[in-house]
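Asker: Structure provided below as structure tokens; questions to follow.
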Amino acid sequence: MKLKISSVVISTLLLAGQASAFTLYEDDQNKFDVGGVFVLDAFQPVWGEDDIFSATRSILNMGFERQLQQGWTLDAKFEWDQFLNNPTSGSSNFRNRLGYVSINNEELGSLRFGKQWSAYHDVARYMDNLIIIDPDATPIYSEGTDGGFAATGRGDNLVAYRYSNNGVNVSAHYGFTSNGETGSFEDEDKQVQSDTVKRDYNYALSTSYDFDSGVSLGVAYLENKVEVANAQNVNGLEDGDKQTALTVGGQYVAGGLKVAAVYTQGENIHKAGLQGGPRTEWADANAVDVYAHYALESGLRPYAYVSHVDFDGEGDVTGDRQVYAVGLSYAFTPKTVLSFEAKRNELNEFRGESSRTDNGGGFNFAYVF
């Protein structure tokens, strides 16, 4: 029998990092949801080389909601994942993905506290679609993690306000202290010491409008001020530096079709060098990326992505980078999805060197429970 699945459902489930949920208990005032995803994937950064990274993991989430009087509600959500083979540390790793509490009002909006999707992500999410690699020009995960420190993705230690009405969406967050990357330096005795980049403060503002036609347009600004106590710099970040991103984007969603384009003017918010390569310096850049997919009722979803990042940093951190990616996903059932993805990186005239390229790809199998 031919598989018939709503293209909207397919588009949602194919984002394997987004865990679903089902209701275990519900009464007139309370609701309790549990859900998750099991993910098996493998990625070869460069074709022809032996290195293959696997990030096999399971995701579990729990959600609580309580109805209060006069249109007020309280809710909380907690989400974790367990890496069986963490591509960053090479060992097992249990990680907190989300953990927040919200108070909501039908007319006034919501106020949320904890680790959560940031106000910046409310617009940057137009480009948060890829399965294996991360978007490059839109710096959601450019720090190599979940965007927690710079609060471009699932931001750490945030308080956020959101309001939506008749297609208008407004959000803002403030981020308290958090730890980022760690670097090394030599002290006065020539001993190697380590220093961690800390967040002084972080804030973001975003607004967007959703038209009835399926078009959404938005703009977001984020600023993350850092502290470096002892080292001269850590990966190009010095004490008192700011990481900023001004992002303008739009998307069109109709049936199984999605097309999105985003432009970002960034300061110290993009990592230089080959995408997915060794950690390098943060740099200033102007960047744009475009994404498109079409989810068929058969369960197939072909998609394509292209980005261009033009670095204009201090010293020799100049040049440009392009990333091209194509993929194909297939939903065997509404909750069982297999995806294949291939990418090509091109780095041109970076640090005065000749152009470099690499090609890679991988697969991802997701079972939503």
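By convention here, the chains of the structure tokens are called A, B, ... in the order presented, each chain's residues are numbered starting at 1, and ligands are numbered starting at 1 in the order presented.
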So which bits of region 220-361 of chain A end up strand (DSSP E) when you DSSP the backbone, as a ChimeraX atom specification?

Answerer: /A:220-227,242-254,257-271,282-294,300-312,318-333,336-348,356-361

Asker: Which parts of region 85-310 of chain A does DSSP call helix (DSSP H, G or I) when run on the backbone here, written out as a PyMOL selection string?

Answerer: chain A and resi 121-127

Asker: So how many Å separate CA of Glu65 (chain A) and CA of Gln116 (chain A), to one decimal?

Answerer: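 Value for the CA of Glu65 (chain A)-CA of Gln116 (chain A) distance: 16.3 Å.
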
Asker: Considering only C-alpha atoms, state which residue in the set A:Phe365, A:Tyr126, A:Phe311, A:Tyr330 is at the smallest distance from Asp284 (chain A).

Answerer: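 That would be A:Phe311, the residue with the smallest distance to Asp284 (chain A).
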
Asker: Between A:Val288, A:Ile269, A:Leu84, A:Val219, which one has atoms that come closest to Val123 (chain A), using only C-alpha atoms?

Answerer: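 Under the stated criterion, the closest residue is A:Val219.
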
Asker: Could you produce a table of the residues of region 274-365 of chain A lying within 7 Å of region 40-43 of chain A, with the nearest pair of atoms per residue and their separation in Å rounded to one decimal, using only C-alpha atoms, ordered by chain and increasing residue number, as CSV?

Answerer:
residue,atom,partner,partner_atom,distance
A:Gly361,CA,A:Phe43,CA,5.6
A:Gly362,CA,A:Phe43,CA,4.1
A:Phe363,CA,A:Asp41,CA,5.5
A:Asn364,CA,A:Asp41,CA,4.2
A:Phe365,CA,A:Leu40,CA,5.1

Asker: Choose the residue, out of A:Asp241, A:Ala137, A:Tyr367, A:Ser213, that has the smallest atom-to-atom separation from Thr336 (chain A); count only C-alpha atoms.

Answerer: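 Among the listed residues, A:Tyr367 lies closest to Thr336 (chain A).
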
Asker: Between CA of Leu217 (chain A) and CA of Asp146 (chain A), what is the spacing in Å?

Answerer: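 These two atoms are separated by 24.1 Å.
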
Asker: Show me, as a ChimeraX atom specification, the residues that have an atom within 6 Å of Ser58 (chain A) when counting only C-alpha atoms, minus same-chain residues fewer than 4 positions from it.

Answerer: /A:37-39,81-82

Asker: Given the selection you just returned, output its residues as a file containing N, CA, C and O atoms, formatted as a PDB file, in the first residue's frame.

Answerer:
ATOM      1  N   VAL A  37      13.569  10.920  20.820  1.00  0.00           N
ATOM      2  CA  VAL A  37      14.048  10.451  19.523  1.00  0.00           C
ATOM      3  C   VAL A  37      15.270   9.568  19.757  1.00  0.00           C
ATOM      4  O   VAL A  37      16.117   9.881  20.612  1.00  0.00           O
ATOM      5  N   PHE A  38      15.370   8.485  18.990  1.00  0.00           N
ATOM      6  CA  PHE A  38      16.618   7.725  18.920  1.00  0.00           C
ATOM      7  C   PHE A  38      17.261   8.015  17.576  1.00  0.00           C
ATOM      8  O   PHE A  38      16.606   7.908  16.531  1.00  0.00           O
ATOM      9  N   VAL A  39      18.536   8.417  17.595  1.00  0.00           N
ATOM     10  CA  VAL A  39      19.224   8.837  16.377  1.00  0.00           C
ATOM     11  C   VAL A  39      20.484   8.006  16.176  1.00  0.00           C
ATOM     12  O   VAL A  39      21.300   7.864  17.089  1.00  0.00           O
ATOM     13  N   ASP A  81      19.981  14.536  26.189  1.00  0.00           N
ATOM     14  CA  ASP A  81      20.402  13.502  25.246  1.00  0.00           C
ATOM     15  C   ASP A  81      21.635  12.790  25.772  1.00  0.00           C
ATOM     16  O   ASP A  81      22.417  13.331  26.565  1.00  0.00           O
ATOM     17  N   GLN A  82      21.766  11.544  25.354  1.00  0.00           N
ATOM     18  CA  GLN A  82      22.878  10.685  25.744  1.00  0.00           C
ATOM     19  C   GLN A  82      23.620  10.279  24.488  1.00  0.00           C
ATOM     20  O   GLN A  82      23.073   9.593  23.619  1.00  0.00           O
TER      21      GLN A  82
END

Asker: Measuring between only C-alpha atoms, which one of A:Ala287, A:Ser355, A:Tyr163, A:Asp136 shows the shortest distance to Tyr209 (chain A)?

Answerer: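 The answer is A:Tyr163, which sits nearest to Tyr209 (chain A).
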
Asker: Given only C-alpha atoms, how would the per-residue table for region 74-176 of chain A near region 20-25 of chain A read, listing every residue at most 12 Å away with its closest atom pair and distance in Å to one decimal, sorted by chain and number, as JSON lines?

Answerer:
{"residue": "A:Lys77", "atom": "CA", "partner": "A:Ala21", "partner_atom": "CA", "distance": 11.0}
{"residue": "A:Phe78", "atom": "CA", "partner": "A:Ala21", "partner_atom": "CA", "distance": 11.8}
{"residue": "A:Glu79", "atom": "CA", "partner": "A:Ser20", "partner_atom": "CA", "distance": 10.8}

Asker: Using only C-alpha atoms, which residue out of A:Arg162, A:Ala283, A:Ala76, A:Ala150 lies closest to Glu106 (chain A)?

Answerer: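 Once distances to Glu106 (chain A) are computed over only C-alpha atoms, the minimum belongs to A:Arg162.
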
Asker: Residues near region 259-263 of chain A, anyone? I mean within 8 Å using only C-alpha atoms, not counting same-chain ones fewer than 2 positions away, as a list in words.

Answerer: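 Counting only C-alpha atoms, the residues come to Ala124, Tyr126, Met127, Ala137, Thr138, Thr247, Val248, Gly249, Gly250, Gln251, Tyr252, Val253, Leu257, Gln265, Asn286, Ala287, Val288, Asp289, Val290, Tyr291, Ala292 and His293 of chain A.
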